[in-house]
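Engineer: Have a look at this one before I ask anything.
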There are 2 protein chains.
Amino acid sequence: MSQETEPEYSEGDLRNTGMALKHDREWDYELERIVDAVADRNATKVGLQFPEGLKRRGPKVADDLRELLGDEVTIMLSGQPCYGACDLDTYLMKRTDVFVHFGHSPMKNTDKVIYVPLFSNVEVTPIIEESLQTLEPPEEHPEIGLVTTAQHMNRFEEMRAFLEDRGYEVRTRRGDERLTHEGQVLGCNYASADVPAPQVLYVGGGKFHPLGLAMEHPDKHVVIADPVNNVVTVADTEKFMKQRYGAVHRAMDATKWGVIFCTKIGQGRWEKAQEILDGNDDAYLITMDEVTPDRLRNFDMDAFVNTGCPRITTDDGPRFHKPMLTPGEYEIAIGEKPLDSLEFDTFHGTW
Amino acid sequence: MSQETEPEYSEGDLRNTGMALKHDREWDYELERIVDAVADRNATKVGLQFPEGLKRRGPKVADDLRELLGDEVTIMLSGQPCYGACDLDTYLMKRTDVFVHFGHSPMKNTDKVIYVPLFSNVEVTPIIEESLQTLEPPEEHPEIGLVTTAQHMNRFEEMRAFLEDRGYEVRTRRGDERLTHEGQVLGCNYASADVPAPQVLYVGGGKFHPLGLAMEHPDKHVVIADPVNNVVTVADTEKFMKQRYGAVHRAMDATKWGVIFCTKIGQGRWEKAQEILDGNDDAYLITMDEVTPDRLRNFDMDAFVNTGCPRITTDDGPRFHKPMLTPGEYEIAIGEKPLDSLEFDTFHGTW
């Protein structure tokens, strides 16, 4: 589902062409760090967790590790769905001596997990060069915010230097403790974009991150430079807002509310859930790890409030059989907050 | 998917009519037992888990409990999928003072869980009367085995008395420790049908239980008396065998095998998984709780062996993108066992 207004496709725009630059990536799995950890801990069980898009690399990484570690070490691949650093397979983590989470940076300092971030090797400067035509020029607005996702974090200083060379004053910050790096954003946390600048450049792919960013910072001009699809767009929240207001309005007549508490280690907001329950006799607490349409279909509810991952609510929302709202949208639907208070659901702090 | 050869529909057969006797059921949720446990343990958090078919009753049961317990006690509904006593929501169990599992009988003695079996109030003697026409008469074979599922267990003595009145010598046994009651069967355990009798009467619904029963006891005439759909059939394993051989043959050319270890408390067979891994360099261990087609699609495997619930393998098998075998079928596919050794995958013992 498209949530931004799509511009005309320009020359070189690789979206939906099957030619996105992904195939150029050679990930560095940092096998030596893993081998060292196995030696340090005399490990006999090693657990590996990959995000969905990289799961098919799992067997090859397991093969390489087996070659390095020998047959005495059992390698276990997590089959649990994984969409972020908040999505740790705690079962496997507790039952292995070394547990490796690929593709994300740590959300919390912990010795238990080896995070291997898997940086992209896609060049970022060509698309930033192109974004200059969409950004306000430095002569008018020299201050610019700069943010990116974990996978392009290794090029952050390159991005900054490029913009400074063009005359911008680059404003960055680390955000809160949920974020590992200066300038990093998550789908649920844009604290690093909270800088004194009228515009922000987001370097990265996907729609969810820049959309949240634009919702969280409606006063800023948010430009998206996507190095993988080789395209520059401006974050447009209008379509998204319509979809969300649609869900809020459909939920206004709800009598029975299912309040979802997500049991994943990085996604639980217990106080939020408890607060809703305390204020509404027709609200029922439902606990689960994966929040899916199938799992909720069997519950006889008129609407749901999801206190877990906002991405499920907003990206997957239309797939649920009943309206699925964020906690803020719930307050609007029951009349506790005015209609125009709608905002993006974000998580701050660690779990 | 139909796994038995369907007979012509006879008068009164309620299958696929939407008129099955389910709507007559009034479950006894044993609320007083729950209230007592809350008082005994000074509980402030109560977790409720229902099987899929009964999840929509959850909010009503929660309402009734709230009325009895007051606002000081928080009621939490498990949103995790649940298909049997092996399928405990251990997250919710650990985080509540009283945890109630509805719809099944205990698979293990434990103080932690209150099991409320939810017995059906559907009459069983009319359909057993009808089954007499399909059973061998007592004059020829007086010995008969009798088995049923947890939900009809409350009528077991009635069933036995009815058959004895008709001249049968009813042979029953408790089976192993996975089974709570004499004469009870599970979808993965038919030890209670292991009695000296040439025929077995299964009283209950569904296709999976009697099919496993007939596979596990190929020497016996297995008659199914389904009191809910009001129909008598004979268990026929032929269609089922064809489907399973189809999966085995499709897997024979597999190079990369995914070996699934299910992390659900009642479904893990670690030694089985380890044995397969030890014997096959091209086998990769994948750990997960829910075993679904979506979760396995991202793994680059040619075939899977499921050491978890056999029902997933055999009932849902055709929905997976690659052949999914039981551990026994795997041995046939890799040539370690002859083709004719195919059998139903069963679990014995507790977890």
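Ligands are numbered from 1 in the order shown, residues from 1 within each chain, and chains are lettered A, B, ... in the order they appear in the structure tokens.
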Applying 12 Å and only C-alpha atoms, which residues near Val35 of chain B remain after dropping the ones on its own chain fewer than 3 positions away? List them as an mmCIF file with N, CA and C atoms, in the first residue's frame.
Structural biologist:
data_model
loop_
_atom_site.group_PDB
_atom_site.id
_atom_site.type_symbol
_atom_site.label_atom_id
_atom_site.label_comp_id
_atom_site.auth_asym_id
_atom_site.auth_seq_id
_atom_site.Cartn_x
_atom_site.Cartn_y
_atom_site.Cartn_z
ATOM 1 N N TYR B 29 -17.502 -23.211 32.591
ATOM 2 C CA TYR B 29 -16.158 -22.639 32.688
ATOM 3 C C TYR B 29 -15.534 -22.794 34.081
ATOM 4 N N GLU B 30 -16.284 -23.420 34.984
ATOM 5 C CA GLU B 30 -15.775 -23.698 36.338
ATOM 6 C C GLU B 30 -15.200 -22.439 37.006
ATOM 7 N N LEU B 31 -15.997 -21.372 36.946
ATOM 8 C CA LEU B 31 -15.515 -20.088 37.465
ATOM 9 C C LEU B 31 -15.200 -20.139 38.959
ATOM 10 N N GLU B 32 -15.925 -20.989 39.672
ATOM 11 C CA GLU B 32 -15.681 -21.039 41.117
ATOM 12 C C GLU B 32 -14.293 -21.563 41.463
ATOM 13 N N VAL B 38 -7.797 -17.756 42.987
ATOM 14 C CA VAL B 38 -7.413 -16.346 43.131
ATOM 15 C C VAL B 38 -7.340 -15.978 44.615
ATOM 16 N N ALA B 39 -8.337 -16.437 45.378
ATOM 17 C CA ALA B 39 -8.352 -16.152 46.815
ATOM 18 C C ALA B 39 -7.167 -16.838 47.499
ATOM 19 N N ASP B 40 -6.942 -18.111 47.193
ATOM 20 C CA ASP B 40 -5.840 -18.869 47.810
ATOM 21 C C ASP B 40 -4.498 -18.197 47.590
ATOM 22 N N ARG B 41 -4.300 -17.701 46.380
ATOM 23 C CA ARG B 41 -2.972 -17.182 46.029
ATOM 24 C C ARG B 41 -2.895 -15.649 46.122
ATOM 25 N N ASN B 42 -3.959 -15.020 46.630
ATOM 26 C CA ASN B 42 -3.994 -13.549 46.655
ATOM 27 C C ASN B 42 -3.620 -12.965 45.298
ATOM 28 N N ALA B 43 -4.149 -13.556 44.275
ATOM 29 C CA ALA B 43 -3.748 -13.200 42.911
ATOM 30 C C ALA B 43 -4.248 -11.822 42.513
ATOM 31 N N THR B 44 -3.409 -11.098 41.768
ATOM 32 C CA THR B 44 -3.854 -9.830 41.180
ATOM 33 C C THR B 44 -3.864 -9.905 39.654
ATOM 34 N N LYS B 45 -3.232 -10.942 39.122
ATOM 35 C CA LYS B 45 -3.221 -11.111 37.670
ATOM 36 C C LYS B 45 -3.667 -12.513 37.305
ATOM 37 N N VAL B 46 -4.678 -12.581 36.461
ATOM 38 C CA VAL B 46 -5.206 -13.878 36.032
ATOM 39 C C VAL B 46 -5.105 -13.966 34.511
ATOM 40 N N ALA B 62 -14.199 -13.321 30.734
ATOM 41 C CA ALA B 62 -13.484 -12.260 31.459
ATOM 42 C C ALA B 62 -14.471 -11.353 32.201
ATOM 43 N N ASP B 64 -17.487 -12.161 33.314
ATOM 44 C CA ASP B 64 -18.032 -12.904 34.449
ATOM 45 C C ASP B 64 -17.033 -12.948 35.602
ATOM 46 N N LEU B 65 -15.772 -13.139 35.251
ATOM 47 C CA LEU B 65 -14.741 -13.190 36.297
ATOM 48 C C LEU B 65 -14.545 -11.822 36.950
ATOM 49 N N ARG B 66 -14.592 -10.771 36.149
ATOM 50 C CA ARG B 66 -14.428 -9.422 36.711
ATOM 51 C C ARG B 66 -15.536 -9.117 37.709
ATOM 52 N N GLU B 67 -16.736 -9.600 37.365
ATOM 53 C CA GLU B 67 -17.860 -9.379 38.271
ATOM 54 C C GLU B 67 -17.623 -10.112 39.603
ATOM 55 N N LEU B 68 -17.078 -11.307 39.513
ATOM 56 C CA LEU B 68 -16.839 -12.099 40.717
ATOM 57 C C LEU B 68 -15.615 -11.625 41.501
ATOM 58 N N LEU B 69 -14.628 -11.083 40.791
ATOM 59 C CA LEU B 69 -13.345 -10.800 41.435
ATOM 60 C C LEU B 69 -13.124 -9.327 41.757
ATOM 61 N N GLY B 70 -13.877 -8.458 41.118
ATOM 62 C CA GLY B 70 -13.683 -7.031 41.369
ATOM 63 C C GLY B 70 -12.556 -6.448 40.525
ATOM 64 N N VAL B 73 -8.353 -7.188 40.357
ATOM 65 C CA VAL B 73 -7.704 -8.278 39.627
ATOM 66 C C VAL B 73 -7.722 -7.966 38.131
ATOM 67 N N VAL B 98 -2.469 -16.620 38.542
ATOM 68 C CA VAL B 98 -3.338 -17.768 38.240
ATOM 69 C C VAL B 98 -3.455 -17.842 36.723
ATOM 70 N N PHE B 99 -3.190 -19.017 36.188
ATOM 71 C CA PHE B 99 -3.235 -19.181 34.738
ATOM 72 C C PHE B 99 -4.195 -20.322 34.406
ATOM 73 N N VAL B 100 -5.204 -20.016 33.600
ATOM 74 C CA VAL B 100 -6.246 -21.001 33.306
ATOM 75 C C VAL B 100 -6.202 -21.382 31.828
ATOM 76 N N ILE B 114 -4.395 -24.090 35.883
ATOM 77 C CA ILE B 114 -5.711 -24.666 36.120
ATOM 78 C C ILE B 114 -6.269 -25.086 34.765
#
Engineer: May I have the residues within 8 Å of Met107 of chain A as JSON, numbers by chain, using only C-alpha atoms and disregarding those fewer than 5 positions away in the same chain?
Structural biologist: {"A": [85, 86, 177, 178, 179, 180, 350]}
Engineer: Between B:Asp97, B:Glu139, B:Glu238, B:Asp278, single out the one closest to chain A, counting only C-alpha atoms.
Structural biologist: B:Asp278
Engineer: Please measure the separation of atom CA of Ile127 of chain B and atom CA of Ser105 of chain B, giving the value in Å to one decimal.
Structural biologist: 24.0 Å
Engineer: Residues within 10 Å of Gly12 of chain A, please, as an mmCIF file with N, CA and C atoms, in the first residue's frame. Count only C-alpha atoms; anything in the same chain fewer than 5 positions from it doesn't count.
Structural biologist:
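That gives us part-v4.cif:
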data_model
loop_
_atom_site.group_PDB
_atom_site.id
_atom_site.type_symbol
_atom_site.label_atom_id
_atom_site.label_comp_id
_atom_site.auth_asym_id
_atom_site.auth_seq_id
_atom_site.Cartn_x
_atom_site.Cartn_y
_atom_site.Cartn_z
ATOM 1 N N ASN A 229 17.049 2.500 -4.247
ATOM 2 C CA ASN A 229 16.167 2.654 -5.403
ATOM 3 C C ASN A 229 16.545 3.853 -6.270
ATOM 4 N N ASN A 230 17.587 4.579 -5.843
ATOM 5 C CA ASN A 230 18.128 5.679 -6.635
ATOM 6 C C ASN A 230 17.071 6.740 -6.945
ATOM 7 N N VAL A 231 16.363 7.171 -5.916
ATOM 8 C CA VAL A 231 15.292 8.128 -6.136
ATOM 9 C C VAL A 231 15.187 9.116 -4.968
#
Engineer: Rank B:Leu77, B:Val147, B:Ile224, B:Val61 by their smallest atom-to-atom distance to chain A, using only C-alpha atoms, and report the top residue only.
Structural biologist: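 So, comparing all the options, the nearest one is B:Leu77.
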Engineer: Please give the complete set of residues from segment 81-328 of chain B that DSSP, run on the backbone, assigns to helix (DSSP H, G or I), formatted as a JSON list (two decimals) with N, CA and C atoms, in the first residue's frame.
Structural biologist:
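Final output, selection.json:
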[["chain", "number", "residue", "atom", "x", "y", "z"],
["B", 90, "THR", "N", 3.39, -19.93, 27.71],
["B", 90, "THR", "CA", 4.28, -19.91, 28.88],
["B", 90, "THR", "C", 4.63, -18.48, 29.30],
["B", 91, "TYR", "N", 4.62, -17.56, 28.34],
["B", 91, "TYR", "CA", 4.87, -16.16, 28.70],
["B", 91, "TYR", "C", 3.81, -15.68, 29.69],
["B", 92, "LEU", "N", 2.56, -15.89, 29.35],
["B", 92, "LEU", "CA", 1.47, -15.43, 30.20],
["B", 92, "LEU", "C", 1.43, -16.23, 31.51],
["B", 93, "MET", "N", 1.72, -17.52, 31.40],
["B", 93, "MET", "CA", 1.73, -18.38, 32.60],
["B", 93, "MET", "C", 2.73, -17.84, 33.62],
["B", 94, "LYS", "N", 3.91, -17.46, 33.16],
["B", 94, "LYS", "CA", 4.95, -17.00, 34.08],
["B", 94, "LYS", "C", 4.65, -15.63, 34.67],
["B", 125, "THR", "N", -25.08, -41.44, 23.04],
["B", 125, "THR", "CA", -25.63, -42.78, 22.78],
["B", 125, "THR", "C", -26.36, -42.91, 21.44],
["B", 126, "PRO", "N", -27.06, -41.88, 20.96],
["B", 126, "PRO", "CA", -27.74, -42.07, 19.66],
["B", 126, "PRO", "C", -26.76, -42.45, 18.54],
["B", 127, "ILE", "N", -25.61, -41.81, 18.53],
["B", 127, "ILE", "CA", -24.68, -42.09, 17.43],
["B", 127, "ILE", "C", -23.97, -43.43, 17.65],
["B", 128, "ILE", "N", -23.81, -43.81, 18.91],
["B", 128, "ILE", "CA", -23.20, -45.13, 19.17],
["B", 128, "ILE", "C", -24.20, -46.23, 18.75],
["B", 129, "GLU", "N", -25.46, -45.97, 19.03],
["B", 129, "GLU", "CA", -26.52, -46.89, 18.57],
["B", 129, "GLU", "C", -26.39, -47.10, 17.05],
["B", 130, "GLU", "N", -26.22, -45.99, 16.35],
["B", 130, "GLU", "CA", -26.11, -46.07, 14.90],
["B", 130, "GLU", "C", -24.84, -46.80, 14.46],
["B", 131, "SER", "N", -23.78, -46.64, 15.23],
["B", 131, "SER", "CA", -22.51, -47.27, 14.85],
["B", 131, "SER", "C", -22.56, -48.79, 14.92],
["B", 150, "ALA", "N", -10.92, -35.41, 24.84],
["B", 150, "ALA", "CA", -11.13, -34.76, 26.14],
["B", 150, "ALA", "C", -12.56, -34.23, 26.28],
["B", 151, "GLN", "N", -13.11, -33.66, 25.22],
["B", 151, "GLN", "CA", -14.40, -32.97, 25.38],
["B", 151, "GLN", "C", -15.59, -33.91, 25.58],
["B", 152, "HIS", "N", -15.45, -35.18, 25.24],
["B", 152, "HIS", "CA", -16.54, -36.14, 25.48],
["B", 152, "HIS", "C", -16.21, -37.09, 26.64],
["B", 153, "MET", "N", -15.11, -36.86, 27.30],
["B", 153, "MET", "CA", -14.62, -37.75, 28.36],
["B", 153, "MET", "C", -15.64, -37.92, 29.48],
["B", 154, "ASN", "N", -16.43, -36.89, 29.73],
["B", 154, "ASN", "CA", -17.43, -36.94, 30.79],
["B", 154, "ASN", "C", -18.51, -37.98, 30.53],
["B", 155, "ARG", "N", -18.60, -38.45, 29.29],
["B", 155, "ARG", "CA", -19.62, -39.45, 28.95],
["B", 155, "ARG", "C", -19.01, -40.83, 28.76],
["B", 156, "PHE", "N", -17.77, -40.99, 29.15],
["B", 156, "PHE", "CA", -17.06, -42.23, 28.82],
["B", 156, "PHE", "C", -17.73, -43.46, 29.45],
["B", 157, "GLU", "N", -18.14, -43.35, 30.70],
["B", 157, "GLU", "CA", -18.76, -44.50, 31.36],
["B", 157, "GLU", "C", -20.11, -44.82, 30.73],
["B", 158, "GLU", "N", -20.78, -43.79, 30.28],
["B", 158, "GLU", "CA", -22.05, -43.97, 29.58],
["B", 158, "GLU", "C", -21.84, -44.75, 28.26],
["B", 159, "MET", "N", -20.78, -44.38, 27.57],
["B", 159, "MET", "CA", -20.45, -45.08, 26.32],
["B", 159, "MET", "C", -20.15, -46.55, 26.60],
["B", 160, "ARG", "N", -19.33, -46.78, 27.61],
["B", 160, "ARG", "CA", -18.93, -48.13, 27.96],
["B", 160, "ARG", "C", -20.16, -48.98, 28.32],
["B", 161, "ALA", "N", -21.03, -48.41, 29.17],
["B", 161, "ALA", "CA", -22.21, -49.14, 29.62],
["B", 161, "ALA", "C", -23.11, -49.48, 28.44],
["B", 162, "PHE", "N", -23.24, -48.54, 27.52],
["B", 162, "PHE", "CA", -24.08, -48.75, 26.35],
["B", 162, "PHE", "C", -23.58, -49.94, 25.53],
["B", 163, "LEU", "N", -22.29, -49.99, 25.30],
["B", 163, "LEU", "CA", -21.70, -51.08, 24.51],
["B", 163, "LEU", "C", -21.81, -52.41, 25.25],
["B", 164, "GLU", "N", -21.59, -52.37, 26.57],
["B", 164, "GLU", "CA", -21.69, -53.61, 27.35],
["B", 164, "GLU", "C", -23.12, -54.15, 27.34],
["B", 165, "ASP", "N", -24.06, -53.24, 27.41],
["B", 165, "ASP", "CA", -25.47, -53.65, 27.33],
["B", 165, "ASP", "C", -25.78, -54.36, 26.02],
["B", 191, "ALA", "N", -2.04, -44.24, 22.47],
["B", 191, "ALA", "CA", -1.63, -45.36, 23.32],
["B", 191, "ALA", "C", -2.83, -46.01, 24.01],
["B", 192, "SER", "N", -3.89, -45.26, 24.22],
["B", 192, "SER", "CA", -5.04, -45.83, 24.91],
["B", 192, "SER", "C", -5.83, -46.79, 24.03],
["B", 193, "ALA", "N", -5.52, -46.82, 22.73],
["B", 193, "ALA", "CA", -6.21, -47.76, 21.83],
["B", 193, "ALA", "C", -5.44, -49.06, 21.70],
["B", 208, "PHE", "N", -8.49, -35.81, 12.12],
["B", 208, "PHE", "CA", -7.10, -36.08, 12.44],
["B", 208, "PHE", "C", -6.95, -37.20, 13.46],
["B", 209, "HIS", "N", -7.73, -37.15, 14.53],
["B", 209, "HIS", "CA", -7.60, -38.15, 15.58],
["B", 209, "HIS", "C", -7.88, -39.57, 15.07],
["B", 210, "PRO", "N", -9.02, -39.80, 14.42],
["B", 210, "PRO", "CA", -9.28, -41.19, 14.00],
["B", 210, "PRO", "C", -8.33, -41.66, 12.89],
["B", 211, "LEU", "N", -7.83, -40.73, 12.11],
["B", 211, "LEU", "CA", -6.88, -41.09, 11.07],
["B", 211, "LEU", "C", -5.58, -41.58, 11.69],
["B", 212, "GLY", "N", -5.09, -40.85, 12.67],
["B", 212, "GLY", "CA", -3.88, -41.27, 13.36],
["B", 212, "GLY", "C", -4.10, -42.61, 14.04],
["B", 213, "LEU", "N", -5.28, -42.74, 14.61],
["B", 213, "LEU", "CA", -5.65, -43.99, 15.28],
["B", 213, "LEU", "C", -5.59, -45.17, 14.31],
["B", 214, "ALA", "N", -6.17, -45.00, 13.13],
["B", 214, "ALA", "CA", -6.19, -46.08, 12.14],
["B", 214, "ALA", "C", -4.78, -46.36, 11.62],
["B", 215, "MET", "N", -3.96, -45.30, 11.48],
["B", 215, "MET", "CA", -2.59, -45.49, 11.02],
["B", 215, "MET", "C", -1.76, -46.23, 12.08],
["B", 216, "GLU", "N", -1.98, -45.85, 13.32],
["B", 216, "GLU", "CA", -1.22, -46.45, 14.42],
["B", 216, "GLU", "C", -1.65, -47.90, 14.66],
["B", 238, "GLU", "N", -6.26, -44.58, 3.17],
["B", 238, "GLU", "CA", -5.68, -44.66, 1.82],
["B", 238, "GLU", "C", -5.34, -43.30, 1.22],
["B", 239, "LYS", "N", -6.29, -42.37, 1.26],
["B", 239, "LYS", "CA", -6.04, -41.03, 0.70],
["B", 239, "LYS", "C", -4.88, -40.35, 1.42],
["B", 240, "PHE", "N", -4.91, -40.51, 2.73],
["B", 240, "PHE", "CA", -3.87, -39.93, 3.55],
["B", 240, "PHE", "C", -2.48, -40.47, 3.16],
["B", 241, "MET", "N", -2.41, -41.78, 2.97],
["B", 241, "MET", "CA", -1.14, -42.41, 2.61],
["B", 241, "MET", "C", -0.63, -41.88, 1.27],
["B", 242, "LYS", "N", -1.55, -41.68, 0.33],
["B", 242, "LYS", "CA", -1.15, -41.18, -0.99],
["B", 242, "LYS", "C", -0.54, -39.78, -0.87],
["B", 243, "GLN", "N", -1.20, -38.96, -0.06],
["B", 243, "GLN", "CA", -0.68, -37.60, 0.12],
["B", 243, "GLN", "C", 0.71, -37.65, 0.77],
["B", 244, "ARG", "N", 0.88, -38.50, 1.75],
["B", 244, "ARG", "CA", 2.16, -38.57, 2.44],
["B", 244, "ARG", "C", 3.26, -39.11, 1.53],
["B", 245, "TYR", "N", 2.93, -40.14, 0.75],
["B", 245, "TYR", "CA", 3.93, -40.67, -0.19],
["B", 245, "TYR", "C", 4.29, -39.62, -1.23],
["B", 246, "GLY", "N", 3.31, -38.81, -1.61],
["B", 246, "GLY", "CA", 3.59, -37.72, -2.55],
["B", 246, "GLY", "C", 4.64, -36.78, -1.97],
["B", 247, "ALA", "N", 4.48, -36.41, -0.72],
["B", 247, "ALA", "CA", 5.44, -35.50, -0.07],
["B", 247, "ALA", "C", 6.82, -36.17, 0.04],
["B", 248, "VAL", "N", 6.83, -37.44, 0.42],
["B", 248, "VAL", "CA", 8.10, -38.16, 0.57],
["B", 248, "VAL", "C", 8.84, -38.20, -0.77],
["B", 249, "HIS", "N", 8.14, -38.52, -1.83],
["B", 249, "HIS", "CA", 8.79, -38.60, -3.14],
["B", 249, "HIS", "C", 9.30, -37.24, -3.61],
["B", 250, "ARG", "N", 8.52, -36.19, -3.37],
["B", 250, "ARG", "CA", 8.97, -34.87, -3.77],
["B", 250, "ARG", "C", 10.24, -34.44, -3.01],
["B", 251, "ALA", "N", 10.40, -34.99, -1.81],
["B", 251, "ALA", "CA", 11.55, -34.60, -0.98],
["B", 251, "ALA", "C", 12.80, -35.44, -1.27],
["B", 270, "TRP", "N", 13.97, -32.72, 21.09],
["B", 270, "TRP", "CA", 15.33, -32.27, 20.83],
["B", 270, "TRP", "C", 16.22, -33.39, 20.31],
["B", 271, "GLU", "N", 16.11, -34.58, 20.94],
["B", 271, "GLU", "CA", 16.99, -35.68, 20.52],
["B", 271, "GLU", "C", 16.74, -36.08, 19.08],
["B", 272, "LYS", "N", 15.49, -36.08, 18.71],
["B", 272, "LYS", "CA", 15.12, -36.39, 17.34],
["B", 272, "LYS", "C", 15.79, -35.40, 16.38],
["B", 273, "ALA", "N", 15.70, -34.13, 16.70],
["B", 273, "ALA", "CA", 16.28, -33.10, 15.83],
["B", 273, "ALA", "C", 17.81, -33.26, 15.77],
["B", 274, "GLN", "N", 18.41, -33.48, 16.93],
["B", 274, "GLN", "CA", 19.87, -33.61, 17.00],
["B", 274, "GLN", "C", 20.35, -34.82, 16.20],
["B", 275, "GLU", "N", 19.61, -35.90, 16.27],
["B", 275, "GLU", "CA", 19.95, -37.13, 15.55],
["B", 275, "GLU", "C", 19.98, -36.88, 14.04],
["B", 276, "ILE", "N", 19.00, -36.14, 13.55],
["B", 276, "ILE", "CA", 18.95, -35.85, 12.11],
["B", 276, "ILE", "C", 20.13, -34.97, 11.72],
["B", 277, "LEU", "N", 20.42, -33.96, 12.53],
["B", 277, "LEU", "CA", 21.54, -33.06, 12.25],
["B", 277, "LEU", "C", 22.87, -33.80, 12.24],
["B", 278, "ASP", "N", 23.03, -34.69, 13.22],
["B", 278, "ASP", "CA", 24.30, -35.42, 13.32],
["B", 278, "ASP", "C", 24.55, -36.29, 12.09],
["B", 279, "GLY", "N", 23.46, -36.76, 11.50],
["B", 279, "GLY", "CA", 23.61, -37.68, 10.38],
["B", 279, "GLY", "C", 23.61, -37.02, 9.01],
["B", 293, "PRO", "N", 3.62, -21.69, 7.10],
["B", 293, "PRO", "CA", 4.19, -21.53, 5.76],
["B", 293, "PRO", "C", 4.92, -20.20, 5.59],
["B", 294, "ASP", "N", 4.33, -19.11, 6.10],
["B", 294, "ASP", "CA", 4.96, -17.79, 5.99],
["B", 294, "ASP", "C", 6.36, -17.74, 6.59],
["B", 295, "ARG", "N", 6.49, -18.34, 7.75],
["B", 295, "ARG", "CA", 7.77, -18.26, 8.44],
["B", 295, "ARG", "C", 8.87, -19.06, 7.74],
["B", 296, "LEU", "N", 8.47, -20.11, 7.03],
["B", 296, "LEU", "CA", 9.48, -20.96, 6.39],
["B", 296, "LEU", "C", 9.80, -20.51, 4.97],
["B", 297, "ARG", "N", 8.92, -19.68, 4.41],
["B", 297, "ARG", "CA", 9.10, -19.27, 3.02],
["B", 297, "ARG", "C", 10.44, -18.56, 2.80],
["B", 310, "PRO", "N", 2.86, -33.28, 14.91],
["B", 310, "PRO", "CA", 2.59, -33.99, 13.65],
["B", 310, "PRO", "C", 1.39, -33.44, 12.89],
["B", 311, "ARG", "N", 0.49, -32.80, 13.61],
["B", 311, "ARG", "CA", -0.69, -32.26, 12.95],
["B", 311, "ARG", "C", -0.30, -31.18, 11.92],
["B", 312, "ILE", "N", 0.69, -30.38, 12.27],
["B", 312, "ILE", "CA", 1.18, -29.34, 11.35],
["B", 312, "ILE", "C", 1.70, -30.00, 10.07],
["B", 313, "THR", "N", 2.47, -31.05, 10.25],
["B", 313, "THR", "CA", 3.08, -31.73, 9.10],
["B", 313, "THR", "C", 2.03, -32.34, 8.19],
["B", 314, "THR", "N", 1.09, -33.07, 8.79],
["B", 314, "THR", "CA", 0.17, -33.85, 7.96],
["B", 314, "THR", "C", -1.09, -33.08, 7.57],
["B", 315, "ASP", "N", -1.64, -32.28, 8.47],
["B", 315, "ASP", "CA", -2.85, -31.52, 8.12],
["B", 315, "ASP", "C", -2.51, -30.30, 7.27],
["B", 317, "GLY", "N", 0.51, -29.71, 5.83],
["B", 317, "GLY", "CA", 1.62, -30.00, 4.93],
["B", 317, "GLY", "C", 1.49, -29.39, 3.54],
["B", 318, "PRO", "N", 0.36, -29.60, 2.85],
["B", 318, "PRO", "CA", 0.25, -29.10, 1.48],
["B", 318, "PRO", "C", 0.31, -27.57, 1.36],
["B", 319, "ARG", "N", 0.16, -26.84, 2.46],
["B", 319, "ARG", "CA", 0.22, -25.38, 2.40],
["B", 319, "ARG", "C", 1.66, -24.84, 2.40],
["B", 327, "PRO", "N", 9.65, -37.03, 11.04],
["B", 327, "PRO", "CA", 10.99, -37.64, 11.13],
["B", 327, "PRO", "C", 11.05, -39.03, 10.48],
["B", 328, "GLY", "N", 9.99, -39.82, 10.63],
["B", 328, "GLY", "CA", 9.97, -41.14, 10.01],
["B", 328, "GLY", "C", 9.97, -41.06, 8.49]]
Engineer: Counting only C-alpha atoms, what are the residues of chain A within 7 Å of chain B, and for each of them which pair of atoms is the nearest and at what distance in Å, to one decimal? Sort the table by chain and rising number, as a Markdown table.
Structural biologist:
| residue | atom | partner | partner_atom | distance |
| --- | --- | --- | --- | --- |
| A:Glu52 | CA | B:Asn298 | CA | 6.6 |
| A:Lys55 | CA | B:Phe299 | CA | 5.7 |
| A:Arg56 | CA | B:Phe299 | CA | 4.6 |
| A:Pro59 | CA | B:Tyr284 | CA | 6.8 |
| A:Met76 | CA | B:Leu285 | CA | 5.2 |
| A:Leu77 | CA | B:Ile286 | CA | 4.7 |
| A:Ser78 | CA | B:Thr287 | CA | 5.1 |
| A:Gly79 | CA | B:Met288 | CA | 4.9 |
| A:Gln80 | CA | B:Met288 | CA | 5.4 |
| A:Pro81 | CA | B:Arg295 | CA | 6.6 |
| A:Tyr284 | CA | B:Pro59 | CA | 6.8 |
| A:Leu285 | CA | B:Met76 | CA | 5.2 |
| A:Ile286 | CA | B:Leu77 | CA | 4.7 |
| A:Thr287 | CA | B:Ser78 | CA | 5.1 |
| A:Met288 | CA | B:Gly79 | CA | 4.9 |
| A:Arg295 | CA | B:Gly79 | CA | 6.5 |
| A:Asn298 | CA | B:Arg56 | CA | 5.7 |
| A:Phe299 | CA | B:Arg56 | CA | 4.6 |
| A:Asp300 | CA | B:Arg56 | CA | 4.9 |
Engineer: Mind checking DSSP for segment 243-306 of chain A and telling me the strand (DSSP E) residues as number ranges by chain?
Structural biologist: A: 257-262, 283-288, 303-306
Engineer: Please report the interatomic distance between atom CA of Arg95 of chain B and atom CA of Tyr83 of chain B in Å with one decimal.
Structural biologist: 21.2 Å
Engineer: Suppose you want the space between atom CA of Asn16 of chain B and atom CA of Gly205 of chain B; what is it in Å?
Structural biologist: 12.9 Å
